[in-house]
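Visitor: For reference, the file protein.pdb (PDB, C-alpha atoms) is included below:
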MODEL        1
ATOM      1  CA  MET R   1     -26.394   7.096  -9.872  1.00  0.00           C
ATOM      2  CA  SER R   2     -27.566   5.970 -13.301  1.00  0.00           C
ATOM      3  CA  GLU R   3     -27.799   9.549 -14.504  1.00  0.00           C
ATOM      4  CA  VAL R   4     -24.046   9.998 -14.060  1.00  0.00           C
ATOM      5  CA  SER R   5     -22.369   9.956 -17.443  1.00  0.00           C
ATOM      6  CA  ALA R   6     -19.227   8.033 -18.264  1.00  0.00           C
ATOM      7  CA  LYS R   7     -17.438  11.342 -18.781  1.00  0.00           C
ATOM      8  CA  GLU R   8     -18.353  12.575 -15.324  1.00  0.00           C
ATOM      9  CA  ARG R   9     -17.150   9.305 -13.859  1.00  0.00           C
ATOM     10  CA  GLU R  10     -13.851   9.660 -15.694  1.00  0.00           C
ATOM     11  CA  THR R  11     -13.440  13.242 -14.555  1.00  0.00           C
ATOM     12  CA  ALA R  12     -13.994  12.308 -10.950  1.00  0.00           C
ATOM     13  CA  ASN R  13     -12.046   9.090 -10.944  1.00  0.00           C
ATOM     14  CA  VAL R  14      -8.270   9.306 -10.762  1.00  0.00           C
ATOM     15  CA  GLY R  15      -8.266  11.950 -13.487  1.00  0.00           C
ATOM     16  CA  ALA R  16      -8.212   8.993 -15.896  1.00  0.00           C
ATOM     17  CA  GLY R  17      -7.722  10.323 -19.394  1.00  0.00           C
ATOM     18  CA  LEU R  18      -8.260  13.905 -18.294  1.00  0.00           C
ATOM     19  CA  TRP R  19      -4.818  15.336 -17.760  1.00  0.00           C
ATOM     20  CA  LYS R  20      -5.683  18.447 -15.799  1.00  0.00           C
ATOM     21  CA  GLY R  21      -6.644  19.940 -12.491  1.00  0.00           C
ATOM     22  CA  LEU R  22      -6.844  18.420  -9.051  1.00  0.00           C
ATOM     23  CA  GLY R  23      -7.611  14.946 -10.447  1.00  0.00           C
ATOM     24  CA  MET R  24      -4.294  14.925 -12.325  1.00  0.00           C
ATOM     25  CA  TRP R  25      -2.246  15.779  -9.231  1.00  0.00           C
ATOM     26  CA  ALA R  26      -4.197  13.334  -7.073  1.00  0.00           C
ATOM     27  CA  TRP R  27      -3.584  10.627  -9.672  1.00  0.00           C
ATOM     28  CA  LEU R  28       0.116  11.453 -10.099  1.00  0.00           C
ATOM     29  CA  LEU R  29       0.785  11.457  -6.359  1.00  0.00           C
ATOM     30  CA  PHE R  30      -1.235   8.237  -6.046  1.00  0.00           C
ATOM     31  CA  ARG R  31       1.055   6.504  -8.534  1.00  0.00           C
ATOM     32  CA  ILE R  32       4.259   7.892  -7.046  1.00  0.00           C
ATOM     33  CA  SER R  33       3.243   6.932  -3.502  1.00  0.00           C
ATOM     34  CA  GLY R  34       2.201   3.490  -4.781  1.00  0.00           C
ATOM     35  CA  LEU R  35       5.577   2.890  -6.419  1.00  0.00           C
ATOM     36  CA  VAL R  36       7.468   4.100  -3.337  1.00  0.00           C
ATOM     37  CA  LEU R  37       5.383   1.812  -1.111  1.00  0.00           C
ATOM     38  CA  VAL R  38       5.956  -1.247  -3.337  1.00  0.00           C
ATOM     39  CA  GLY R  39       9.692  -0.579  -3.148  1.00  0.00           C
ATOM     40  CA  TYR R  40       9.516  -0.207   0.610  1.00  0.00           C
ATOM     41  CA  LEU R  41       7.426  -3.392   0.930  1.00  0.00           C
ATOM     42  CA  PHE R  42      10.282  -5.496  -0.431  1.00  0.00           C
ATOM     43  CA  VAL R  43      12.854  -3.723   1.763  1.00  0.00           C
ATOM     44  CA  HIS R  44      10.571  -4.286   4.764  1.00  0.00           C
ATOM     45  CA  ILE R  45      10.185  -8.016   4.081  1.00  0.00           C
ATOM     46  CA  GLY R  46      13.961  -8.269   3.675  1.00  0.00           C
ATOM     47  CA  VAL R  47      14.736  -6.413   6.909  1.00  0.00           C
ATOM     48  CA  ILE R  48      12.205  -8.343   9.009  1.00  0.00           C
ATOM     49  CA  SER R  49      13.465 -11.662   7.617  1.00  0.00           C
ATOM     50  CA  LEU R  50      16.753 -11.006   9.489  1.00  0.00           C
ATOM     51  CA  GLY R  51      14.810 -12.325  12.504  1.00  0.00           C
ATOM     52  CA  ARG R  52      15.550 -15.729  10.961  1.00  0.00           C
ATOM     53  CA  ALA R  53      19.267 -15.145  11.561  1.00  0.00           C
ATOM     54  CA  GLY R  54      18.616 -14.461  15.232  1.00  0.00           C
ATOM     55  CA  ALA R  55      17.180 -11.807  17.527  1.00  0.00           C
ATOM     56  CA  ASP R  56      20.552 -10.038  17.824  1.00  0.00           C
ATOM     57  CA  LYS R  57      20.954  -9.805  14.030  1.00  0.00           C
ATOM     58  CA  LEU R  58      17.543  -8.183  13.634  1.00  0.00           C
ATOM     59  CA  ASP R  59      18.103  -5.844  16.579  1.00  0.00           C
ATOM     60  CA  GLN R  60      21.445  -4.736  15.081  1.00  0.00           C
ATOM     61  CA  MET R  61      19.625  -3.882  11.857  1.00  0.00           C
ATOM     62  CA  LEU R  62      16.781  -2.129  13.706  1.00  0.00           C
ATOM     63  CA  ASP R  63      19.409  -0.016  15.506  1.00  0.00           C
ATOM     64  CA  LEU R  64      20.132   1.639  12.155  1.00  0.00           C
ATOM     65  CA  PHE R  65      16.553   2.950  12.205  1.00  0.00           C
ATOM     66  CA  HIS R  66      16.896   4.475  15.673  1.00  0.00           C
ATOM     67  CA  ASN R  67      17.960   7.959  14.702  1.00  0.00           C
ATOM     68  CA  PRO R  68      16.034  11.148  13.962  1.00  0.00           C
ATOM     69  CA  VAL R  69      16.568  11.016  10.197  1.00  0.00           C
ATOM     70  CA  MET R  70      15.246   7.453   9.874  1.00  0.00           C
ATOM     71  CA  VAL R  71      12.287   8.147  12.158  1.00  0.00           C
ATOM     72  CA  PHE R  72      11.474  11.175  10.027  1.00  0.00           C
ATOM     73  CA  LEU R  73      11.675   9.045   6.862  1.00  0.00           C
ATOM     74  CA  GLU R  74       9.423   6.432   8.473  1.00  0.00           C
ATOM     75  CA  LEU R  75       6.962   9.203   9.217  1.00  0.00           C
ATOM     76  CA  MET R  76       7.051  10.195   5.532  1.00  0.00           C
ATOM     77  CA  LEU R  77       6.281   6.549   4.763  1.00  0.00           C
ATOM     78  CA  VAL R  78       3.252   6.637   7.087  1.00  0.00           C
ATOM     79  CA  GLY R  79       2.223   9.811   5.258  1.00  0.00           C
ATOM     80  CA  ALA R  80       2.538   7.997   1.906  1.00  0.00           C
ATOM     81  CA  VAL R  81       0.440   5.089   3.226  1.00  0.00           C
ATOM     82  CA  LEU R  82      -2.240   7.478   4.498  1.00  0.00           C
ATOM     83  CA  TYR R  83      -2.361   9.526   1.280  1.00  0.00           C
ATOM     84  CA  HIS R  84      -2.527   6.368  -0.842  1.00  0.00           C
ATOM     85  CA  ALA R  85      -5.151   4.766   1.437  1.00  0.00           C
ATOM     86  CA  LEU R  86      -7.461   7.782   1.621  1.00  0.00           C
ATOM     87  CA  ASN R  87      -7.183   8.670  -2.058  1.00  0.00           C
ATOM     88  CA  GLY R  88      -7.925   4.970  -2.646  1.00  0.00           C
ATOM     89  CA  VAL R  89     -11.059   5.291  -0.527  1.00  0.00           C
ATOM     90  CA  ARG R  90     -12.096   8.180  -2.772  1.00  0.00           C
ATOM     91  CA  ILE R  91     -11.512   6.064  -5.897  1.00  0.00           C
ATOM     92  CA  VAL R  92     -13.598   3.185  -4.533  1.00  0.00           C
ATOM     93  CA  LEU R  93     -16.377   5.650  -3.647  1.00  0.00           C
ATOM     94  CA  MET R  94     -16.266   7.022  -7.217  1.00  0.00           C
ATOM     95  CA  ASP R  95     -16.415   3.473  -8.587  1.00  0.00           C
ATOM     96  CA  LEU R  96     -19.520   2.888  -6.490  1.00  0.00           C
ATOM     97  CA  GLY R  97     -21.003   6.075  -7.919  1.00  0.00           C
ATOM     98  CA  ILE R  98     -20.855   7.928  -4.601  1.00  0.00           C
ATOM     99  CA  GLY R  99     -20.031  11.616  -4.566  1.00  0.00           C
ATOM    100  CA  ILE R 100     -19.015  11.934  -8.215  1.00  0.00           C
ATOM    101  CA  ARG R 101     -20.612  15.367  -8.560  1.00  0.00           C
ATOM    102  CA  ALA R 102     -18.746  16.490  -5.427  1.00  0.00           C
ATOM    103  CA  HIS R 103     -15.452  14.739  -6.141  1.00  0.00           C
ATOM    104  CA  LYS R 104     -13.282  17.678  -5.081  1.00  0.00           C
ATOM    105  CA  THR R 105     -15.060  17.924  -1.749  1.00  0.00           C
ATOM    106  CA  VAL R 106     -14.690  14.167  -1.319  1.00  0.00           C
ATOM    107  CA  PHE R 107     -10.971  14.495  -2.104  1.00  0.00           C
ATOM    108  CA  TRP R 108     -10.414  17.179   0.540  1.00  0.00           C
ATOM    109  CA  ALA R 109     -12.525  15.330   3.109  1.00  0.00           C
ATOM    110  CA  CYS R 110     -10.367  12.238   2.557  1.00  0.00           C
ATOM    111  CA  MET R 111      -7.216  14.357   2.868  1.00  0.00           C
ATOM    112  CA  ALA R 112      -8.505  15.802   6.147  1.00  0.00           C
ATOM    113  CA  VAL R 113      -8.874  12.264   7.525  1.00  0.00           C
ATOM    114  CA  ALA R 114      -5.362  11.390   6.289  1.00  0.00           C
ATOM    115  CA  ALA R 115      -3.877  14.541   7.850  1.00  0.00           C
ATOM    116  CA  ALA R 116      -5.635  14.044  11.170  1.00  0.00           C
ATOM    117  CA  THR R 117      -4.361  10.457  11.351  1.00  0.00           C
ATOM    118  CA  LEU R 118      -0.837  11.552  10.424  1.00  0.00           C
ATOM    119  CA  VAL R 119      -0.877  14.079  13.277  1.00  0.00           C
ATOM    120  CA  VAL R 120      -1.312  11.212  15.765  1.00  0.00           C
ATOM    121  CA  PHE R 121       1.754   9.432  14.351  1.00  0.00           C
ATOM    122  CA  VAL R 122       3.767  12.687  14.331  1.00  0.00           C
ATOM    123  CA  TRP R 123       2.806  13.251  17.976  1.00  0.00           C
ATOM    124  CA  ARG R 124       4.087   9.751  18.846  1.00  0.00           C
ATOM    125  CA  ALA R 125       7.305  10.102  16.798  1.00  0.00           C
ATOM    126  CA  TRP R 126       8.120  13.663  17.932  1.00  0.00           C
ATOM    127  CA  PRO R 127      10.317  12.687  20.931  1.00  0.00           C
ATOM    128  CA  SER R 128      12.332  10.356  18.655  1.00  0.00           C
ATOM    129  CA  ILE R 129      13.053  13.159  16.203  1.00  0.00           C
ATOM    130  CA  PHE R 130      13.731  16.136  18.478  1.00  0.00           C
TER     131      PHE R 130
ATOM    132  CA  MET L   1      -4.086 -17.807 -28.705  1.00  0.00           C
ATOM    133  CA  LYS L   2      -6.677 -16.123 -26.536  1.00  0.00           C
ATOM    134  CA  ASP L   3      -7.918 -12.710 -27.581  1.00  0.00           C
ATOM    135  CA  GLU L   4      -6.999  -9.790 -25.411  1.00  0.00           C
ATOM    136  CA  VAL L   5     -10.146  -9.015 -23.448  1.00  0.00           C
ATOM    137  CA  LEU L   6      -8.810  -6.305 -21.206  1.00  0.00           C
ATOM    138  CA  ALA L   7     -10.751  -3.041 -20.633  1.00  0.00           C
ATOM    139  CA  ARG L   8     -11.838  -1.961 -17.107  1.00  0.00           C
ATOM    140  CA  ASN L   9      -9.276   0.540 -17.937  1.00  0.00           C
ATOM    141  CA  GLU L  10      -6.998  -1.763 -19.875  1.00  0.00           C
ATOM    142  CA  GLY L  11      -5.920  -4.057 -17.043  1.00  0.00           C
ATOM    143  CA  GLY L  12      -8.835  -6.513 -17.215  1.00  0.00           C
ATOM    144  CA  MET L  13     -11.977  -7.008 -15.124  1.00  0.00           C
ATOM    145  CA  TRP L  14     -10.544  -9.386 -12.523  1.00  0.00           C
ATOM    146  CA  PRO L  15      -7.357  -7.437 -11.759  1.00  0.00           C
ATOM    147  CA  TRP L  16      -9.560  -4.340 -11.419  1.00  0.00           C
ATOM    148  CA  LEU L  17     -11.929  -6.034  -8.978  1.00  0.00           C
ATOM    149  CA  THR L  18      -9.265  -7.814  -6.913  1.00  0.00           C
ATOM    150  CA  GLN L  19      -7.309  -4.557  -6.706  1.00  0.00           C
ATOM    151  CA  ARG L  20     -10.297  -3.027  -4.911  1.00  0.00           C
ATOM    152  CA  VAL L  21     -10.943  -6.037  -2.692  1.00  0.00           C
ATOM    153  CA  THR L  22      -7.268  -6.150  -1.625  1.00  0.00           C
ATOM    154  CA  ALA L  23      -7.319  -2.353  -1.165  1.00  0.00           C
ATOM    155  CA  VAL L  24     -10.005  -2.712   1.504  1.00  0.00           C
ATOM    156  CA  LEU L  25      -8.146  -5.613   3.144  1.00  0.00           C
ATOM    157  CA  VAL L  26      -4.882  -3.644   3.147  1.00  0.00           C
ATOM    158  CA  ILE L  27      -6.431  -0.472   4.581  1.00  0.00           C
ATOM    159  CA  VAL L  28      -7.861  -2.399   7.536  1.00  0.00           C
ATOM    160  CA  THR L  29      -4.835  -4.626   8.218  1.00  0.00           C
ATOM    161  CA  ILE L  30      -2.170  -1.960   7.618  1.00  0.00           C
ATOM    162  CA  MET L  31      -3.852   0.445  10.055  1.00  0.00           C
ATOM    163  CA  ILE L  32      -3.967  -2.299  12.706  1.00  0.00           C
ATOM    164  CA  HIS L  33      -0.315  -3.074  11.902  1.00  0.00           C
ATOM    165  CA  LEU L  34       0.805   0.570  12.126  1.00  0.00           C
ATOM    166  CA  VAL L  35      -1.223   1.447  15.218  1.00  0.00           C
ATOM    167  CA  LEU L  36      -0.066  -1.623  17.167  1.00  0.00           C
ATOM    168  CA  THR L  37       3.561  -1.291  16.045  1.00  0.00           C
ATOM    169  CA  HIS L  38       4.085   2.443  16.248  1.00  0.00           C
ATOM    170  CA  LEU L  39       1.429   3.873  18.555  1.00  0.00           C
ATOM    171  CA  PHE L  40       1.235   1.097  21.154  1.00  0.00           C
ATOM    172  CA  GLY L  41       4.536  -0.697  20.504  1.00  0.00           C
ATOM    173  CA  SER L  42       7.924   0.027  22.021  1.00  0.00           C
ATOM    174  CA  ALA L  43      10.145   2.737  20.616  1.00  0.00           C
ATOM    175  CA  PRO L  44      12.766   1.730  19.621  1.00  0.00           C
ATOM    176  CA  LEU L  45      11.415  -1.439  18.073  1.00  0.00           C
ATOM    177  CA  THR L  46      13.094  -4.776  18.939  1.00  0.00           C
ATOM    178  CA  PHE L  47      12.822  -8.487  18.119  1.00  0.00           C
ATOM    179  CA  ALA L  48      11.392  -9.100  21.611  1.00  0.00           C
ATOM    180  CA  ASP L  49       8.723  -6.444  21.114  1.00  0.00           C
ATOM    181  CA  ILE L  50       7.670  -8.074  17.838  1.00  0.00           C
ATOM    182  CA  SER L  51       7.570 -11.426  19.696  1.00  0.00           C
ATOM    183  CA  ASP L  52       5.188 -10.052  22.303  1.00  0.00           C
ATOM    184  CA  ARG L  53       2.828  -8.742  19.669  1.00  0.00           C
ATOM    185  CA  LEU L  54       2.853 -11.798  17.414  1.00  0.00           C
ATOM    186  CA  ALA L  55       2.233 -14.090  20.390  1.00  0.00           C
ATOM    187  CA  SER L  56      -1.360 -13.046  19.831  1.00  0.00           C
ATOM    188  CA  GLY L  57      -2.903 -15.226  17.130  1.00  0.00           C
ATOM    189  CA  ALA L  58      -5.124 -12.372  15.960  1.00  0.00           C
ATOM    190  CA  VAL L  59      -2.142 -10.078  15.365  1.00  0.00           C
ATOM    191  CA  LEU L  60      -0.320 -12.846  13.511  1.00  0.00           C
ATOM    192  CA  VAL L  61      -3.360 -13.473  11.289  1.00  0.00           C
ATOM    193  CA  ASN L  62      -3.601  -9.711  10.680  1.00  0.00           C
ATOM    194  CA  ASP L  63       0.032  -9.574   9.532  1.00  0.00           C
ATOM    195  CA  VAL L  64      -0.334 -12.646   7.313  1.00  0.00           C
ATOM    196  CA  VAL L  65      -3.449 -11.213   5.626  1.00  0.00           C
ATOM    197  CA  LEU L  66      -1.603  -7.887   5.235  1.00  0.00           C
ATOM    198  CA  LEU L  67       1.455  -9.582   3.705  1.00  0.00           C
ATOM    199  CA  LEU L  68      -0.563 -11.493   1.113  1.00  0.00           C
ATOM    200  CA  ALA L  69      -3.016  -8.693   0.291  1.00  0.00           C
ATOM    201  CA  VAL L  70      -0.374  -5.962   0.041  1.00  0.00           C
ATOM    202  CA  LEU L  71       1.888  -8.083  -2.177  1.00  0.00           C
ATOM    203  CA  TYR L  72      -0.993  -8.701  -4.568  1.00  0.00           C
ATOM    204  CA  HIS L  73      -2.092  -5.068  -4.423  1.00  0.00           C
ATOM    205  CA  GLY L  74       1.428  -3.684  -4.878  1.00  0.00           C
ATOM    206  CA  LEU L  75       2.415  -5.927  -7.763  1.00  0.00           C
ATOM    207  CA  ASN L  76      -0.974  -5.527  -9.465  1.00  0.00           C
ATOM    208  CA  GLY L  77      -0.565  -1.760  -9.081  1.00  0.00           C
ATOM    209  CA  LEU L  78       2.914  -1.948 -10.595  1.00  0.00           C
ATOM    210  CA  ARG L  79       1.369  -3.932 -13.475  1.00  0.00           C
ATOM    211  CA  MET L  80      -1.173  -1.167 -14.052  1.00  0.00           C
ATOM    212  CA  VAL L  81       1.594   1.443 -14.216  1.00  0.00           C
ATOM    213  CA  VAL L  82       3.612  -0.624 -16.699  1.00  0.00           C
ATOM    214  CA  LEU L  83       0.554  -1.440 -18.872  1.00  0.00           C
ATOM    215  CA  ASP L  84      -0.175   2.279 -19.079  1.00  0.00           C
ATOM    216  CA  TRP L  85       3.231   2.665 -20.683  1.00  0.00           C
ATOM    217  CA  GLY L  86       1.884   0.524 -23.501  1.00  0.00           C
ATOM    218  CA  LEU L  87       2.919  -3.040 -22.778  1.00  0.00           C
ATOM    219  CA  SER L  88       0.607  -5.505 -24.552  1.00  0.00           C
ATOM    220  CA  GLY L  89       0.397  -8.893 -26.266  1.00  0.00           C
ATOM    221  CA  ALA L  90       3.152 -11.421 -25.579  1.00  0.00           C
ATOM    222  CA  GLY L  91       5.155  -8.885 -23.581  1.00  0.00           C
ATOM    223  CA  ARG L  92       2.230  -8.382 -21.238  1.00  0.00           C
ATOM    224  CA  ARG L  93       1.772 -12.117 -20.725  1.00  0.00           C
ATOM    225  CA  VAL L  94       5.453 -12.579 -19.911  1.00  0.00           C
ATOM    226  CA  PHE L  95       5.315  -9.616 -17.544  1.00  0.00           C
ATOM    227  CA  ASP L  96       2.198 -11.051 -15.825  1.00  0.00           C
ATOM    228  CA  ALA L  97       3.991 -14.375 -15.346  1.00  0.00           C
ATOM    229  CA  VAL L  98       7.059 -12.638 -13.907  1.00  0.00           C
ATOM    230  CA  LEU L  99       4.872 -10.690 -11.461  1.00  0.00           C
ATOM    231  CA  TRP L 100       3.129 -13.898 -10.318  1.00  0.00           C
ATOM    232  CA  ILE L 101       6.481 -15.563  -9.721  1.00  0.00           C
ATOM    233  CA  VAL L 102       7.853 -12.541  -7.831  1.00  0.00           C
ATOM    234  CA  GLY L 103       4.655 -12.391  -5.762  1.00  0.00           C
ATOM    235  CA  ILE L 104       4.618 -16.078  -4.880  1.00  0.00           C
ATOM    236  CA  VAL L 105       8.338 -16.096  -4.005  1.00  0.00           C
ATOM    237  CA  ALA L 106       7.998 -12.941  -1.870  1.00  0.00           C
ATOM    238  CA  ALA L 107       4.879 -14.291  -0.113  1.00  0.00           C
ATOM    239  CA  THR L 108       6.613 -17.588   0.651  1.00  0.00           C
ATOM    240  CA  TYR L 109       9.734 -15.795   1.872  1.00  0.00           C
ATOM    241  CA  GLY L 110       7.671 -13.397   3.995  1.00  0.00           C
ATOM    242  CA  LEU L 111       5.689 -16.233   5.607  1.00  0.00           C
ATOM    243  CA  TRP L 112       8.956 -18.088   6.251  1.00  0.00           C
ATOM    244  CA  ALA L 113      10.357 -14.943   7.914  1.00  0.00           C
ATOM    245  CA  LEU L 114       7.246 -14.516  10.086  1.00  0.00           C
ATOM    246  CA  TRP L 115       7.407 -18.153  11.145  1.00  0.00           C
ATOM    247  CA  VAL L 116      10.227 -17.286  13.602  1.00  0.00           C
ATOM    248  CA  TRP L 117       7.606 -15.607  15.764  1.00  0.00           C
ATOM    249  CA  ALA L 118       4.785 -18.037  15.016  1.00  0.00           C
ATOM    250  CA  SER L 119       6.561 -21.229  16.023  1.00  0.00           C
TER     251      SER L 119
ENDMDL
END
Any chance you could give the structure as structure tokens?

Guide:
Amino acid sequence: MSEVSAKERETANVGAGLWKGLGMWAWLLFRISGLVLVGYLFVHIGVISLGRAGADKLDQMLDLFHNPVMVFLELMLVGAVLYHALNGVRIVLMDLGIGIRAHKTVFWACMAVAAATLVVFVWRAWPSIF
Amino acid sequence: MKDEVLARNEGGMWPWLTQRVTAVLVIVTIMIHLVLTHLFGSAPLTFADISDRLASGAVLVNDVVLLLAVLYHGLNGLRMVVLDWGLSGAGRRVFDAVLWIVGIVAATYGLWALWVWAS
């Protein structure tokens, strides 16, 4: 991996500094999904903490999530987690010097894993949406 | 005043490294969390269902590790986004302090919330 130049590393990794192509979109979506997930994290902690007020209080709140629209949004959230996680795997691989010359292939392989995993969650959520 | 020794793409060496360590921790614990909650858990989700799951010490430990790792990872990621907008010097140090306080308060609050099922 020593023969890989700094420029190649930059090109492959997160599109850092190189504002073009697949790397740019991967990077942009990575940031957007990250920000959405941080926002959701705080909402999630807040909602779950209602358990402190009693089981009935939390269950009342959870009832608000038991409709097709909310289940669909939760599925989008799982999609955001999977995209962020698998693109993150790609970034760590690039940092380790693995697959830099084939970074687009690595990206699509990671996305295939993310999509396949999402399908399992969609399959489980389907009856709650339709 | 200490010099700014940032680099590792402008966030500093340690934040860069811990971001990757917590990334690995989060990937493992969040997948366990999501699979147990949404693939094997009840639908719709209830307090009692969460109780059943967290009765297992391993699941509780998983959620605690997830809480702490994801808070660090999320806030450190937010820091990276804000630093890319050009925050530096005293502003950056104040922002770092604010993030640490938010993180510690949220972690404490989250652990306190989980304690309902742990005790």

Visitor: For CA of Val78 (chain R) and CA of Ala53 (chain R), quote the distance in Å rounded to one decimal.

Guide: 27.4 Å

Visitor: Would you kindly report the residues of chain L within 9 Å of chain R, using only C-alpha atoms, as a ChimeraX atom specification?

Guide: /L:9,20,23-24,26-27,30,34-35,38-39,43-48,67,70-71,73-75,77-78,81,106,109-110,112-117

Visitor: One decimal, Å: what's the distance from CA of Leu36 (chain L) over to CA of Thr108 (chain L), could you say?

Guide: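 According to the coordinates, CA of Leu36 (chain L) and CA of Thr108 (chain L) are separated by 23.9 Å.
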
Visitor: Counting all atoms listed in the file, figure out which residue out of L:Ile32, L:Met80, L:Leu99, L:Leu17 gets nearest to Asp63 (chain L).

Guide: L:Ile32

Visitor: Using only C-alpha atoms, list the residues that have an atom at most 12 Å from (-3.1, 12.1, 8.3), coordinates as in the file, as a PDB file with C-alpha atoms, in the coordinates of the input.

Guide:
ATOM      1  CA  LEU R  75       6.962   9.203   9.217  1.00  0.00           C
ATOM      2  CA  MET R  76       7.051  10.195   5.532  1.00  0.00           C
ATOM      3  CA  LEU R  77       6.281   6.549   4.763  1.00  0.00           C
ATOM      4  CA  VAL R  78       3.252   6.637   7.087  1.00  0.00           C
ATOM      5  CA  GLY R  79       2.223   9.811   5.258  1.00  0.00           C
ATOM      6  CA  ALA R  80       2.538   7.997   1.906  1.00  0.00           C
ATOM      7  CA  VAL R  81       0.440   5.089   3.226  1.00  0.00           C
ATOM      8  CA  LEU R  82      -2.240   7.478   4.498  1.00  0.00           C
ATOM      9  CA  TYR R  83      -2.361   9.526   1.280  1.00  0.00           C
ATOM     10  CA  HIS R  84      -2.527   6.368  -0.842  1.00  0.00           C
ATOM     11  CA  ALA R  85      -5.151   4.766   1.437  1.00  0.00           C
ATOM     12  CA  LEU R  86      -7.461   7.782   1.621  1.00  0.00           C
ATOM     13  CA  ASN R  87      -7.183   8.670  -2.058  1.00  0.00           C
ATOM     14  CA  TRP R 108     -10.414  17.179   0.540  1.00  0.00           C
ATOM     15  CA  ALA R 109     -12.525  15.330   3.109  1.00  0.00           C
ATOM     16  CA  CYS R 110     -10.367  12.238   2.557  1.00  0.00           C
ATOM     17  CA  MET R 111      -7.216  14.357   2.868  1.00  0.00           C
ATOM     18  CA  ALA R 112      -8.505  15.802   6.147  1.00  0.00           C
ATOM     19  CA  VAL R 113      -8.874  12.264   7.525  1.00  0.00           C
ATOM     20  CA  ALA R 114      -5.362  11.390   6.289  1.00  0.00           C
ATOM     21  CA  ALA R 115      -3.877  14.541   7.850  1.00  0.00           C
ATOM     22  CA  ALA R 116      -5.635  14.044  11.170  1.00  0.00           C
ATOM     23  CA  THR R 117      -4.361  10.457  11.351  1.00  0.00           C
ATOM     24  CA  LEU R 118      -0.837  11.552  10.424  1.00  0.00           C
ATOM     25  CA  VAL R 119      -0.877  14.079  13.277  1.00  0.00           C
ATOM     26  CA  VAL R 120      -1.312  11.212  15.765  1.00  0.00           C
ATOM     27  CA  PHE R 121       1.754   9.432  14.351  1.00  0.00           C
ATOM     28  CA  VAL R 122       3.767  12.687  14.331  1.00  0.00           C
ATOM     29  CA  TRP R 123       2.806  13.251  17.976  1.00  0.00           C
TER      30      TRP R 123
ATOM     31  CA  MET L  31      -3.852   0.445  10.055  1.00  0.00           C
TER      32      MET L  31
END

Visitor: Just how far from CA of Ala69 (chain L) is CA of Ser42 (chain L), in Å to one decimal?

Guide: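 Distance between the two atoms: 25.8 Å.
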